[in-house]
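Undergrad: Let me give you the structure first, and then I'll get to my questions.
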Amino acid sequence: MNSLSHADLDKQTVTKAYDRWAPVYDLVFGAVFERGREAAIAAAERVGGRVLEVGVGTGISLPHYSQTCRLCGIDISEMMLRKAQVRVAEHGLTNVEGLWVMDAEKLSFPDNSFDVVVAQYVVTTAPNPEATLDEFARVLKPGGEIVLVSRVGAEAGLRRSLEHFFAPAARKLGWRTEFSFDRYANWATRTGGIRLIERRAMPPLGHFSLIRFAKDGTPGAAHAGALPEYYQTAQTAH
Ligand SMILES: C[S@@+](CC[C@H](N)C(=O)[O-])C[C@H]1O[C@@H](n2cnc3c(N)ncnc32)[C@H](O)[C@@H]1O
């Protein structure tokens with residue numbers, strides 16, 4: 001088994017870890033990831049239209065999109081999603097089309113459903129990151145963008161050694177510390193119709209990057225994309 005297919009995190013561990021994080025997630029990770037979220041939302045807004053937030057978590061980003069973006073959110077952790085549901089209701093976010101418990105690796109959306117797929121601090125927490133990216137490319141409309149804020153591991157030096165040392169402990173918390181930029185770049189190279197268009201270092205300490213991919217084709221060339229039955233919606237939250 002090669003490093004690309006080997007799932008060093010499993011779904012149960014990740015789901016349990018985020019179910020546990022849910023009550024304190026915003027307190028611990030709200031401010032620290034704020035700049036990355038702002039950059040991802042700005043990139044998504046430049047494309048606009050229907051946006052899928054993968055690993056939407058507690059829905060911390062949702063109120064920051066403009067009302068003209070139609071938002072769909074999915075997450076593997078029901079406890080995180082419950083927080084998102086409350087947030088959608090409290091902010092009266094009528095542009096949220098729905099929130100679903102769903103695995104990023106097996107999205108229940110038809111091909112070409114979204115103008116933008118956003119995943120903030122998610123791809124390296126997924127058991128099979130490349131399979132997850134394949135799904136993003138599938139549900140993205142031609143001319144659309146994948147916008148990630150993601151961990152990028154160090155290539156060498158002290159940080160690389162520390163990441164290697166802490167990897168087993170981090171896995172128990174639902175994270176990967178080691179994840180080279182080559183994995184994102186190589187995925188794009190071997191995925192037909194997908195181009196890497198930006199990589200920008202993000203705080204804290206540049207350990208994360210804003211990474212954007214474009215899908216070749218003409219915007220608007222896709223069908224509307226029927227959505228699966230709602231798990232929770234802004235309309236049913238009350
Ligand atoms: C670090 S949190 C990021 C949450 C949010 N995007 C933010 O900006 O704070 C990672 C999220 O991804 C979700 N996640 C991890 N693996 C997933 C998968 N395979 N499918 C869907 N969601 C997943 C977790 O449950 C968690 O809510």
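In the structure tokens, the first chain shown is A, the next is B, and so on; residue numbers restart at 1 for each chain, and ligands run from 1 in the order shown.
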Could you list, as a ChimeraX atom specification, all protein and nucleic acid residues with an atom at most 9 Å from ligand 1, counting only C-alpha atoms and all ligand atoms?
TA: /A:10-11,14-19,21-22,25-26,29-30,33-34,36-37,53-61,74-81,101-107,118-129,132,149,174-175
Undergrad: Can you tell me, as a PyMOL selection string, which residues in segment 12-216 of chain A count as helix (DSSP H, G or I) by DSSP?
TA: chain A and resi 12-29+34-47+62-64+78-91+123-125+129-139+157-172+181-190
Undergrad: For Trp187 of chain A, work out the shell of residues within 12 Å, counting only C-alpha atoms and skipping chain neighbours fewer than 5 positions away, then give it as a VMD selection string.
TA: chain A and resid 4 129 to 134 136 to 137 180 to 182 192 to 196 213
Undergrad: With all heavy atoms retained, export the selected residues as a compact mmCIF listing (two decimals), in the first residue's frame.
TA:
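See out-v2.txt below for the written result:
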```txt
# COMPACT_ATOMS: atom_id res chain seq x y z
N LEU A 4 -0.25 7.24 -0.61
CA LEU A 4 -1.44 7.96 -1.03
C LEU A 4 -2.72 7.21 -0.71
O LEU A 4 -3.75 7.79 -0.51
CB LEU A 4 -1.38 8.24 -2.55
CG LEU A 4 -0.24 9.14 -2.99
CD1 LEU A 4 -0.36 9.43 -4.47
CD2 LEU A 4 -0.24 10.46 -2.22
N PRO A 129 -7.43 11.76 2.00
CA PRO A 129 -7.50 13.11 1.44
C PRO A 129 -7.65 13.15 -0.08
O PRO A 129 -8.44 13.94 -0.61
CB PRO A 129 -6.16 13.74 1.87
CG PRO A 129 -5.79 12.99 3.09
CD PRO A 129 -6.27 11.59 2.88
N GLU A 130 -6.94 12.29 -0.81
CA GLU A 130 -7.02 12.36 -2.26
C GLU A 130 -8.40 11.91 -2.77
O GLU A 130 -8.94 12.50 -3.71
CB GLU A 130 -5.92 11.52 -2.93
CG GLU A 130 -4.54 12.17 -2.89
CD GLU A 130 -3.80 11.99 -1.58
OE1 GLU A 130 -4.33 11.29 -0.67
OE2 GLU A 130 -2.69 12.53 -1.44
N ALA A 131 -8.99 10.91 -2.10
CA ALA A 131 -10.34 10.48 -2.50
C ALA A 131 -11.34 11.59 -2.22
O ALA A 131 -12.31 11.80 -2.96
CB ALA A 131 -10.73 9.22 -1.72
N THR A 132 -11.08 12.33 -1.15
CA THR A 132 -11.94 13.46 -0.80
C THR A 132 -11.84 14.55 -1.86
O THR A 132 -12.85 15.09 -2.32
CB THR A 132 -11.50 13.98 0.59
OG1 THR A 132 -11.57 12.89 1.50
CG2 THR A 132 -12.36 15.10 1.08
N LEU A 133 -10.61 14.84 -2.30
CA LEU A 133 -10.42 15.85 -3.35
C LEU A 133 -11.09 15.40 -4.65
O LEU A 133 -11.65 16.21 -5.39
CB LEU A 133 -8.93 16.12 -3.56
CG LEU A 133 -8.24 16.86 -2.41
CD1 LEU A 133 -6.72 16.87 -2.61
CD2 LEU A 133 -8.75 18.29 -2.27
N ASP A 134 -11.04 14.09 -4.94
CA ASP A 134 -11.72 13.57 -6.15
C ASP A 134 -13.22 13.90 -6.10
O ASP A 134 -13.81 14.28 -7.11
CB ASP A 134 -11.58 12.04 -6.24
CG ASP A 134 -10.18 11.60 -6.64
OD1 ASP A 134 -9.39 12.44 -7.12
OD2 ASP A 134 -9.88 10.40 -6.45
N PHE A 136 -14.59 16.38 -4.45
CA PHE A 136 -14.76 17.84 -4.64
C PHE A 136 -14.79 18.15 -6.14
O PHE A 136 -15.62 18.93 -6.61
CB PHE A 136 -13.61 18.62 -4.01
CG PHE A 136 -13.51 18.55 -2.51
CD1 PHE A 136 -14.40 17.81 -1.75
CD2 PHE A 136 -12.51 19.25 -1.83
CE1 PHE A 136 -14.30 17.74 -0.36
CE2 PHE A 136 -12.40 19.20 -0.46
CZ PHE A 136 -13.29 18.44 0.28
N ALA A 137 -13.85 17.54 -6.88
CA ALA A 137 -13.76 17.81 -8.32
C ALA A 137 -15.02 17.31 -9.04
O ALA A 137 -15.51 17.95 -9.97
CB ALA A 137 -12.52 17.13 -8.89
N SER A 180 2.58 16.81 3.08
CA SER A 180 3.40 17.68 2.23
C SER A 180 2.56 18.37 1.16
O SER A 180 1.52 17.84 0.73
CB SER A 180 4.50 16.86 1.56
OG SER A 180 3.94 16.09 0.53
N PHE A 181 3.05 19.52 0.71
CA PHE A 181 2.34 20.24 -0.35
C PHE A 181 2.30 19.40 -1.64
O PHE A 181 1.35 19.52 -2.41
CB PHE A 181 2.98 21.60 -0.62
CG PHE A 181 2.22 22.37 -1.66
CD1 PHE A 181 0.99 22.91 -1.35
CD2 PHE A 181 2.71 22.48 -2.96
CE1 PHE A 181 0.24 23.58 -2.31
CE2 PHE A 181 1.96 23.14 -3.92
CZ PHE A 181 0.73 23.69 -3.60
N ASP A 182 3.31 18.57 -1.83
CA ASP A 182 3.34 17.71 -3.03
C ASP A 182 2.06 16.88 -3.19
O ASP A 182 1.65 16.58 -4.30
CB ASP A 182 4.52 16.73 -2.96
CG ASP A 182 5.83 17.43 -3.27
OD1 ASP A 182 5.77 18.61 -3.67
OD2 ASP A 182 6.89 16.81 -3.09
N GLY A 192 -7.55 14.95 -14.32
CA GLY A 192 -7.87 15.64 -15.58
C GLY A 192 -8.77 16.84 -15.35
O GLY A 192 -9.73 16.77 -14.58
N GLY A 193 -8.45 17.95 -16.00
CA GLY A 193 -9.33 19.13 -15.96
C GLY A 193 -9.19 19.96 -14.71
O GLY A 193 -9.96 20.91 -14.52
N ILE A 194 -8.23 19.64 -13.84
CA ILE A 194 -8.05 20.41 -12.60
C ILE A 194 -6.67 21.07 -12.62
O ILE A 194 -5.67 20.42 -12.89
CB ILE A 194 -8.17 19.51 -11.35
CG1 ILE A 194 -9.59 18.93 -11.22
CG2 ILE A 194 -7.77 20.27 -10.09
CD1 ILE A 194 -10.66 19.91 -10.80
N ARG A 195 -6.65 22.39 -12.32
CA ARG A 195 -5.38 23.13 -12.29
C ARG A 195 -5.19 23.80 -10.94
O ARG A 195 -6.15 24.38 -10.39
CB ARG A 195 -5.39 24.25 -13.34
CG ARG A 195 -5.15 23.80 -14.75
CD ARG A 195 -5.40 24.93 -15.73
NE ARG A 195 -6.78 25.40 -15.71
CZ ARG A 195 -7.16 26.64 -15.38
NH1 ARG A 195 -6.28 27.55 -15.04
NH2 ARG A 195 -8.44 26.98 -15.40
N LEU A 196 -3.98 23.71 -10.42
CA LEU A 196 -3.63 24.45 -9.19
C LEU A 196 -3.45 25.91 -9.59
O LEU A 196 -2.67 26.22 -10.48
CB LEU A 196 -2.32 23.89 -8.64
CG LEU A 196 -1.73 24.58 -7.42
CD1 LEU A 196 -2.61 24.42 -6.20
CD2 LEU A 196 -0.34 24.01 -7.13
N PHE A 213 -7.87 25.48 -6.59
CA PHE A 213 -7.82 24.71 -7.83
C PHE A 213 -8.99 25.18 -8.72
O PHE A 213 -10.08 25.45 -8.20
CB PHE A 213 -8.03 23.21 -7.58
CG PHE A 213 -7.02 22.58 -6.65
CD1 PHE A 213 -7.32 22.36 -5.31
CD2 PHE A 213 -5.77 22.20 -7.12
CE1 PHE A 213 -6.40 21.77 -4.46
CE2 PHE A 213 -4.85 21.60 -6.28
CZ PHE A 213 -5.16 21.39 -4.94
```
Undergrad: Near Val51 of chain A, within 7 Å and counting only C-alpha atoms, which residues show up once chain neighbours fewer than 3 positions away are dropped, as a ChimeraX atom specification?
TA: /A:69-72,114-117
Undergrad: Could you dump the residues just selected with C-alpha atoms as a short mmCIF file (atom, residue, chain, number, x, y, z; two decimals), in the first residue's frame?
TA:
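This is the output file part-v7.cif:
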```cif
data_model
loop_
_atom_site.label_atom_id
_atom_site.label_comp_id
_atom_site.auth_asym_id
_atom_site.auth_seq_id
_atom_site.Cartn_x
_atom_site.Cartn_y
_atom_site.Cartn_z
CA CYS A 69 -24.15 32.98 -2.01
CA ARG A 70 -26.33 29.90 -1.61
CA LEU A 71 -24.70 27.71 1.00
CA CYS A 72 -24.77 23.96 1.59
CA PHE A 114 -21.60 23.61 -7.07
CA ASP A 115 -19.81 26.73 -8.26
CA VAL A 116 -17.35 26.53 -5.36
CA VAL A 117 -16.31 23.78 -2.97
#
```
Undergrad: If I take atom CA of Leu62 of chain A and atom CA of Val139 of chain A, how far is one from the other in Å, to one decimal?
TA: 19.9 Å
Undergrad: Please extract the residues of segment 5-215 of chain A with a backbone DSSP assignment of strand (DSSP E) and present them as a PyMOL selection string.
TA: chain A and resi 50-54+70-75+96-101+114-120+140-151+194-202+208-215
Undergrad: Using C-alpha atoms, can you export the residues from the last selection as a PDB file, in the first residue's frame?
TA:
```
ATOM      1  CA  ARG A  50     -23.841  27.845  -4.953  1.00  0.00           C
ATOM      2  CA  VAL A  51     -21.127  27.032  -2.421  1.00  0.00           C
ATOM      3  CA  LEU A  52     -20.551  23.682  -0.700  1.00  0.00           C
ATOM      4  CA  GLU A  53     -18.735  23.957   2.643  1.00  0.00           C
ATOM      5  CA  VAL A  54     -17.232  20.570   3.366  1.00  0.00           C
ATOM      6  CA  ARG A  70     -26.335  29.897  -1.611  1.00  0.00           C
ATOM      7  CA  LEU A  71     -24.696  27.711   0.999  1.00  0.00           C
ATOM      8  CA  CYS A  72     -24.768  23.963   1.595  1.00  0.00           C
ATOM      9  CA  GLY A  73     -22.806  22.407   4.451  1.00  0.00           C
ATOM     10  CA  ILE A  74     -21.804  18.858   5.243  1.00  0.00           C
ATOM     11  CA  ASP A  75     -19.900  17.293   8.119  1.00  0.00           C
ATOM     12  CA  VAL A  96     -28.278  28.240   3.788  1.00  0.00           C
ATOM     13  CA  GLU A  97     -29.960  25.606   1.624  1.00  0.00           C
ATOM     14  CA  GLY A  98     -29.188  22.755   3.995  1.00  0.00           C
ATOM     15  CA  LEU A  99     -26.802  21.005   6.385  1.00  0.00           C
ATOM     16  CA  TRP A 100     -26.178  17.294   6.099  1.00  0.00           C
ATOM     17  CA  VAL A 101     -24.333  14.602   8.011  1.00  0.00           C
ATOM     18  CA  PHE A 114     -21.596  23.605  -7.067  1.00  0.00           C
ATOM     19  CA  ASP A 115     -19.807  26.728  -8.263  1.00  0.00           C
ATOM     20  CA  VAL A 116     -17.352  26.535  -5.357  1.00  0.00           C
ATOM     21  CA  VAL A 117     -16.313  23.776  -2.973  1.00  0.00           C
ATOM     22  CA  VAL A 118     -14.750  25.194   0.188  1.00  0.00           C
ATOM     23  CA  ALA A 119     -12.953  23.065   2.772  1.00  0.00           C
ATOM     24  CA  GLN A 120     -11.308  24.885   5.649  1.00  0.00           C
ATOM     25  CA  LEU A 140     -17.792  21.050  -8.877  1.00  0.00           C
ATOM     26  CA  LYS A 141     -19.242  22.680 -11.990  1.00  0.00           C
ATOM     27  CA  PRO A 142     -16.954  23.359 -14.963  1.00  0.00           C
ATOM     28  CA  GLY A 143     -15.395  26.801 -14.470  1.00  0.00           C
ATOM     29  CA  GLY A 144     -15.743  26.463 -10.688  1.00  0.00           C
ATOM     30  CA  GLU A 145     -13.118  26.502  -7.933  1.00  0.00           C
ATOM     31  CA  ILE A 146     -12.032  24.339  -5.045  1.00  0.00           C
ATOM     32  CA  VAL A 147     -10.875  26.571  -2.185  1.00  0.00           C
ATOM     33  CA  LEU A 148      -8.947  24.942   0.643  1.00  0.00           C
ATOM     34  CA  VAL A 149      -7.350  26.233   3.769  1.00  0.00           C
ATOM     35  CA  SER A 150      -5.224  23.325   4.735  1.00  0.00           C
ATOM     36  CA  ARG A 151      -2.311  22.177   6.747  1.00  0.00           C
ATOM     37  CA  ILE A 194      -8.055  20.414 -12.601  1.00  0.00           C
ATOM     38  CA  ARG A 195      -5.376  23.133 -12.288  1.00  0.00           C
ATOM     39  CA  LEU A 196      -3.630  24.454  -9.193  1.00  0.00           C
ATOM     40  CA  ILE A 197      -4.078  28.253  -9.362  1.00  0.00           C
ATOM     41  CA  GLU A 198      -2.881  29.555  -5.980  1.00  0.00           C
ATOM     42  CA  ARG A 199      -0.961  28.671  -2.868  1.00  0.00           C
ATOM     43  CA  ARG A 200      -0.661  31.343  -0.152  1.00  0.00           C
ATOM     44  CA  ALA A 201       0.771  30.841   3.345  1.00  0.00           C
ATOM     45  CA  MET A 202      -1.679  31.434   6.199  1.00  0.00           C
ATOM     46  CA  PHE A 208      -1.432  26.363   6.742  1.00  0.00           C
ATOM     47  CA  SER A 209      -2.030  27.492   3.177  1.00  0.00           C
ATOM     48  CA  LEU A 210      -4.862  28.840   1.106  1.00  0.00           C
ATOM     49  CA  ILE A 211      -4.871  26.482  -1.900  1.00  0.00           C
ATOM     50  CA  ARG A 212      -7.096  27.043  -4.929  1.00  0.00           C
ATOM     51  CA  PHE A 213      -7.825  24.714  -7.831  1.00  0.00           C
ATOM     52  CA  ALA A 214      -9.840  25.565 -10.951  1.00  0.00           C
ATOM     53  CA  LYS A 215     -11.934  23.121 -12.956  1.00  0.00           C
TER      54      LYS A 215
END
```
Undergrad: Could you tell me how far atom CA of Pro63 of chain A lies from atom CA of Leu93 of chain A, in Å and to one decimal?
TA: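 One can read the atom CA of Pro63 of chain A to atom CA of Leu93 of chain A distance as 7.0 Å.
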Undergrad: Nearest to Gly49 of chain A: which of A:Val24, A:Asn95, A:Val152, A:Ala89 is it, counting only C-alpha atoms?
TA: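 Checking each candidate against Gly49 of chain A, we get A:Asn95 as the closest.
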